[in-house]
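Asks: The following block contains the structure, expressed as structure tokens.
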Amino acid sequence: MAPSPDHARTGAPSVVSAAAAPCPVVVLNADGCVVELNAAASALLPDARVDQPLSSPNWLAGAHRAADATETRGAVGDGFFSAHPSAVPGGSTAWWLVEETAYRSVVEELEAERRRTRFLAEASSALLSSLNLGRCMELTARLAVQQLADAALVIAPSTARKLPMVVCDHRGRVTHTTVSGAVHGVPGLQEALRGFPPVPSRWIDPASAPDWLIPEGFGEIGSLAITPLPGQGVPAGALVLLRRAQQAAFSASEEAFAGLFAARAGAALSAARLYAEQNTIADTLMRDLLPPVLRHVQGVEFAGGYRPSVDSDRIGGDFYDVHPPGADCPETLAVLGDVCGKGLEAAVLTGKIRNTLQALLPMGDDHGRMLRLLNNAMRNSHHTRFVTLVLASVRREDHDVVLRLTAAGHPAPLIVRREGTVEEVDTGGSLIGVLPEIATRTARVRLAPGETCLLFTDGVTEAKGGPLGDAMFGEQRLKRAAAECAGMPAEAVVEHIQMLTAEWIGDGPHDDIAVLAITAPRGAHLSAVDGTTPGRYTA
């Protein structure tokens with residue numbers, strides 16, 4: 001019977017025969033000299049001699065000298081063995097050598113595969129955490145250097161003549177640069193940028209690598225691998241991996257692993273590029289939908305403020321515009337409106353209405369006609385939304401400002417006099433976009449210096465909040481707030497109304513809010529004595 005491998009030499013003696021053992025067995029006495037070894041052991045340990053101390057392998061000799069020697073493992077030549085001690089009569093120990101080369105190889109491959117799987121999971125999480133294309137390219141290069149190569153280059157496709165490139169060198173330094181048509185001179189790189197399968201690294205001569213491909217101070221390239229970065233429908237770029245001459249060349253399994261990493265990096269790069277393109281398109285489209293920056297026009301102060309119903313949005317259904325006078329319209333035309341609905345769909349209709357009103361500017365002297373034409377245009381479109389509007393034609397007469405105001409289904413503007421009284425403008429009309437015929441009433445108002453005409457949407461008066469969170473801001477509260485703005489510049493009026501409304505709402509939900517103030521300036525600056533600084537206002 002074969003002895004148990006786990007049987008320590010301090011246990012009961014076992015009678016063994018090395019010659020009959022099915023595996024290499026070497027018997028050592030207490031002094032470490034070889035007492036007996038079978039043919040398999042002789043072939044495995046050619047330097048072992050009977051009656052001579054065992055000197056090789058060192059790990060076995062050292063384990064035998066230990067007072068409590070137990071099972072041990074180590075390399076013998078190209079193989080790997082485990083040694084199991086068993087006590088034999090006379091105080092000697094028989095060491096049974098069991099080859100574990102194949103088992104150890106499998107264990108190492110399994111552990112390597114676990115490391116790679118863990119790396120891919122961490123890399124996927126890190127790459128998808130950013131939608132910035134530049135940072136995503138940089139992270140791809142860094143991760144490749146950490147796990148795959150001594151240096152890495154990430155090259156992205158582009159419609160421009162020069163391609164964006166990120167380089168992470170052997171020191172971990174990252175550089176953003178560009179590369180021109182020189183990619184044609186690198187075998188497999190042009191194909192990778194087009195999304196073709198990678199060329200095996202053994203087919204690429206490292207000596208053929210151009211200077212721009214080699215990071216500064218890198219030294220001689222020993223191995224070069226190029227793999228595509230597959231994207232969503234179109235290639236996301238190419239990944240170039242470099243190893244120094246003293247390192248082992250890329251193996252087939254490493255190239256396959258690089259392809260798995262490249263697939264994840266390509267998906268992240270493609271998502272980042274798509275986000276960047278969509279963001280550019282959205283910014284371009286939104287640029288015309290955002291409220292304009294207002295200023296003095298023809299000696300009249302204009303100021304506006306807008307707050308969307310969702311604070312993270314930038315556009316919505318409320319809007320205002322100020323159109324300076326032109327050859328066909330001698331007066332400044334201010335418009336404030338409220339489209340039915342919220343969010344992007346309302347904002348798109350807002351853009352159409354603003355464009356239509358701009359096209360109707362030559363008819364600005366007739367508010368009723370402008371509104372009828374806008375009503376017809378909205379009723380002929382595919383949507384079923386409506387809009388409320390206030391039109392204000394503004395001109396300067398000496399120190400005063402004269403306005404013609406027409407409301408179409410919209411709350412009437414408020415006039416804030418210098419003494420603090422607040423008047424509601426006598427104007428009104430039908431909703432725009434609902435009825436085939438509309439009726440409007442235009443009012444004429446004169447503002448003395450320091451007086452303001454306040455236009456607002458129902459997002460102000462219907463804002464819910466207060467101590468219990470369910471009371472509307474209301475018209476009376478708005479009038480009291482407007483009275484506090486007597487004599488203020490237009491910008492201060494808008495800021496005051498917005499501040500009080502925001503305090504009333506708190507963190508509660510609300511509709512889109514738009515405010516527009518038209519103020520007659522208090523007067524012109526007199527020149528100061530020194531001729532440079534502004535003097536006091538005239539009366």
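So you can find residues: chains in the structure tokens are A, B, ... in the order shown, residues in each start at 1, and ligands are numbered from 1 in order.
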Just want the 10 Å neighbourhood of Glu216 (chain A), counted on only C-alpha atoms, with same-chain residues fewer than 4 positions away dropped. Output as an mmCIF file with all heavy atoms, in the first residue's frame.

Replies:
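Dumped to around08.cif:
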data_model
loop_
_atom_site.group_PDB
_atom_site.id
_atom_site.type_symbol
_atom_site.label_atom_id
_atom_site.label_comp_id
_atom_site.auth_asym_id
_atom_site.auth_seq_id
_atom_site.Cartn_x
_atom_site.Cartn_y
_atom_site.Cartn_z
ATOM 1 N N ASP A 169 3.052 57.318 -22.257
ATOM 2 C CA ASP A 169 4.367 56.709 -22.401
ATOM 3 C C ASP A 169 4.687 55.769 -21.247
ATOM 4 O O ASP A 169 3.854 55.508 -20.372
ATOM 5 C CB ASP A 169 5.446 57.786 -22.555
ATOM 6 C CG ASP A 169 5.578 58.656 -21.305
ATOM 7 O OD1 ASP A 169 5.059 58.272 -20.237
ATOM 8 O OD2 ASP A 169 6.208 59.723 -21.397
ATOM 9 N N HIS A 170 5.916 55.235 -21.260
ATOM 10 C CA HIS A 170 6.335 54.250 -20.275
ATOM 11 C C HIS A 170 6.442 54.833 -18.874
ATOM 12 O O HIS A 170 6.515 54.081 -17.891
ATOM 13 C CB HIS A 170 7.688 53.652 -20.690
ATOM 14 C CG HIS A 170 8.750 54.691 -20.937
ATOM 15 N ND1 HIS A 170 8.692 55.573 -21.998
ATOM 16 C CD2 HIS A 170 9.884 54.985 -20.259
ATOM 17 C CE1 HIS A 170 9.751 56.366 -21.970
ATOM 18 N NE2 HIS A 170 10.483 56.041 -20.926
ATOM 19 N N ASP A 211 9.070 57.651 -36.337
ATOM 20 C CA ASP A 211 9.471 58.357 -35.110
ATOM 21 C C ASP A 211 8.281 58.900 -34.338
ATOM 22 O O ASP A 211 8.295 58.922 -33.098
ATOM 23 C CB ASP A 211 10.432 59.502 -35.465
ATOM 24 C CG ASP A 211 11.762 58.988 -35.993
ATOM 25 O OD1 ASP A 211 12.087 57.811 -35.711
ATOM 26 O OD2 ASP A 211 12.469 59.757 -36.681
ATOM 27 N N TRP A 212 7.224 59.361 -35.031
ATOM 28 C CA TRP A 212 6.088 59.958 -34.325
ATOM 29 C C TRP A 212 5.334 58.926 -33.491
ATOM 30 O O TRP A 212 4.588 59.281 -32.571
ATOM 31 C CB TRP A 212 5.128 60.629 -35.308
ATOM 32 C CG TRP A 212 4.460 59.683 -36.284
ATOM 33 C CD1 TRP A 212 4.853 59.402 -37.541
ATOM 34 C CD2 TRP A 212 3.264 58.922 -36.055
ATOM 35 N NE1 TRP A 212 3.997 58.505 -38.142
ATOM 36 C CE2 TRP A 212 2.998 58.204 -37.236
ATOM 37 C CE3 TRP A 212 2.397 58.773 -34.984
ATOM 38 C CZ2 TRP A 212 1.910 57.342 -37.362
ATOM 39 C CZ3 TRP A 212 1.297 57.926 -35.099
ATOM 40 C CH2 TRP A 212 1.058 57.227 -36.280
#

Asks: Enumerate, as a PyMOL selection string, the complete set of residues in region 272-415 of chain A that a backbone-based DSSP assignment places in strand (DSSP E).

Replies: chain A and resi 301-307+318-323+332-339+387-397+400-408+414-415

Asks: What is the CA of Ala248 (chain A) to CA of Gly222 (chain A) distance in Å?

Replies: 7.8 Å

Asks: Within 6 Å of Ala83 (chain A), counting only C-alpha atoms, which residues qualify if same-chain residues fewer than 3 places away don't, as a VMD selection string?

Replies: chain A and resid 71 to 73 95 to 97

Asks: Put those residues in a file: N, CA and C atoms, as a PDB file, in the first residue's frame.

Replies:
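Just written: result_1.pdb:
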ATOM      1  N   GLU A  71       4.696  18.676   3.673  1.00  0.00           N
ATOM      2  CA  GLU A  71       4.586  18.754   2.219  1.00  0.00           C
ATOM      3  C   GLU A  71       5.163  20.073   1.715  1.00  0.00           C
ATOM      4  N   THR A  72       5.891  20.016   0.587  1.00  0.00           N
ATOM      5  CA  THR A  72       6.488  21.206  -0.007  1.00  0.00           C
ATOM      6  C   THR A  72       6.412  21.104  -1.516  1.00  0.00           C
ATOM      7  N   ARG A  73       6.682  22.238  -2.186  1.00  0.00           N
ATOM      8  CA  ARG A  73       6.573  22.283  -3.652  1.00  0.00           C
ATOM      9  C   ARG A  73       7.711  23.107  -4.225  1.00  0.00           C
ATOM     10  N   TRP A  95      10.706  10.798   0.406  1.00  0.00           N
ATOM     11  CA  TRP A  95      10.019  11.932  -0.229  1.00  0.00           C
ATOM     12  C   TRP A  95       9.425  11.467  -1.551  1.00  0.00           C
ATOM     13  N   TRP A  96       8.091  11.562  -1.629  1.00  0.00           N
ATOM     14  CA  TRP A  96       7.345  11.169  -2.827  1.00  0.00           C
ATOM     15  C   TRP A  96       7.130  12.424  -3.685  1.00  0.00           C
ATOM     16  N   LEU A  97       7.617  12.372  -4.890  1.00  0.00           N
ATOM     17  CA  LEU A  97       7.537  13.526  -5.783  1.00  0.00           C
ATOM     18  C   LEU A  97       6.417  13.327  -6.808  1.00  0.00           C
TER      19      LEU A  97
END

Asks: Using 7 Å as the limit and counting only C-alpha atoms, can you tabulate each residue of region 312-426 of chain A that touches region 486-500 of chain A, with its shortest atom-to-atom distance in Å and the two atoms involved, as a Markdown table?

Replies:
| residue | atom | partner | partner_atom | distance |
| --- | --- | --- | --- | --- |
| A:Val416 | CA | A:Ala486 | CA | 6.1 |
| A:Arg417 | CA | A:Ala486 | CA | 6.3 |
| A:Arg418 | CA | A:Ala486 | CA | 5.2 |
| A:Glu419 | CA | A:Ala486 | CA | 6.7 |
| A:Gly420 | CA | A:Ala486 | CA | 5.0 |

Asks: When you count only C-alpha atoms, which of these residues is closest to Arg441 (chain A): A:Leu229, A:Leu371, A:Leu120, A:Leu128?

Replies: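 Ranking A:Leu229, A:Leu371, A:Leu120, A:Leu128 by distance to Arg441 (chain A), first place goes to A:Leu371.
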
Asks: Of the residues A:Val240, A:Val167, A:Leu391, A:Ala156, which is the one nearest to Leu139 (chain A), using only C-alpha atoms?

Replies: A:Val167

Asks: May I ask which of the residues A:Pro292, A:Gly409, A:Gly219, A:Gly188 is the closest one to Gln246 (chain A), counting only C-alpha atoms?

Replies: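 The closest residue to Gln246 (chain A) is A:Gly219.
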
Asks: Can you list, as a compact mmCIF listing (two decimals) with C-alpha atoms, in the first residue's frame, all residues belonging to region 219-453 of chain A that DSSP tags as alpha helix (DSSP H)?

Replies:
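Result file selection_23.txt:
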# COMPACT_ATOMS: atom_id res chain seq x y z
CA ALA A 252 -1.63 35.30 -29.17
CA SER A 253 -3.58 35.27 -25.90
CA GLU A 254 -2.40 38.79 -25.06
CA GLU A 255 -3.48 40.04 -28.47
CA ALA A 256 -6.89 38.42 -27.96
CA PHE A 257 -7.13 40.09 -24.54
CA ALA A 258 -6.17 43.42 -26.11
CA GLY A 259 -9.06 42.94 -28.52
CA LEU A 260 -11.50 42.42 -25.62
CA PHE A 261 -10.24 45.59 -23.93
CA ALA A 262 -10.41 47.49 -27.23
CA ALA A 263 -14.05 46.46 -27.69
CA ARG A 264 -14.97 48.01 -24.34
CA ALA A 265 -12.87 51.10 -24.94
CA GLY A 266 -14.36 51.50 -28.42
CA ALA A 267 -17.91 51.35 -27.06
CA ALA A 268 -17.08 54.04 -24.48
CA LEU A 269 -15.34 56.24 -27.08
CA SER A 270 -18.25 55.84 -29.47
CA ALA A 271 -20.73 56.84 -26.74
CA ALA A 272 -18.59 59.86 -25.84
CA ARG A 273 -18.33 60.93 -29.49
CA LEU A 274 -22.09 60.51 -30.01
CA TYR A 275 -22.78 62.56 -26.88
CA ALA A 276 -20.40 65.30 -28.06
CA GLU A 277 -22.08 65.42 -31.48
CA GLN A 278 -25.56 65.52 -29.97
CA ASN A 279 -24.49 68.17 -27.51
CA THR A 280 -23.12 70.31 -30.35
CA ILE A 281 -26.34 69.90 -32.32
CA ALA A 282 -28.43 70.71 -29.24
CA ASP A 283 -26.38 73.82 -28.50
CA THR A 284 -26.72 74.97 -32.10
CA LEU A 285 -30.47 74.47 -32.10
CA MET A 286 -30.91 75.90 -28.61
CA ARG A 287 -28.94 79.04 -29.36
CA GLY A 343 -40.33 71.49 -21.90
CA LEU A 344 -38.77 70.86 -25.28
CA GLU A 345 -41.99 70.50 -27.31
CA ALA A 346 -43.26 73.87 -26.07
CA ALA A 347 -39.81 75.38 -26.69
CA VAL A 348 -39.86 74.22 -30.33
CA LEU A 349 -43.22 75.92 -30.88
CA THR A 350 -41.85 78.98 -29.09
CA GLY A 351 -39.04 79.14 -31.64
CA LYS A 352 -41.52 78.97 -34.53
CA ILE A 353 -43.65 81.75 -33.03
CA ARG A 354 -40.62 83.98 -32.47
CA ASN A 355 -39.49 83.47 -36.06
CA THR A 356 -42.99 84.19 -37.37
CA LEU A 357 -43.23 87.40 -35.36
CA GLN A 358 -39.84 88.49 -36.63
CA ALA A 359 -41.04 87.95 -40.19
CA HIS A 367 -50.81 94.87 -33.63
CA GLY A 368 -54.18 93.48 -34.57
CA ARG A 369 -53.02 92.50 -38.05
CA MET A 370 -49.85 90.89 -36.73
CA LEU A 371 -51.81 88.79 -34.25
CA ARG A 372 -54.38 87.74 -36.86
CA LEU A 373 -51.66 86.55 -39.21
CA LEU A 374 -49.94 84.68 -36.37
CA ASN A 375 -53.28 83.11 -35.41
CA ASN A 376 -53.82 81.89 -38.97
CA ALA A 377 -50.30 80.46 -39.15
CA MET A 378 -50.75 78.52 -35.90
CA ARG A 379 -54.18 77.15 -36.84

Asks: Can you work out which one of A:Phe302, A:Phe319, A:Phe473, A:Phe80 has the shortest atom-to-atom distance to Cys453 (chain A), counting only C-alpha atoms?

Replies: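 For Cys453 (chain A), the nearest of the candidates is A:Phe302.
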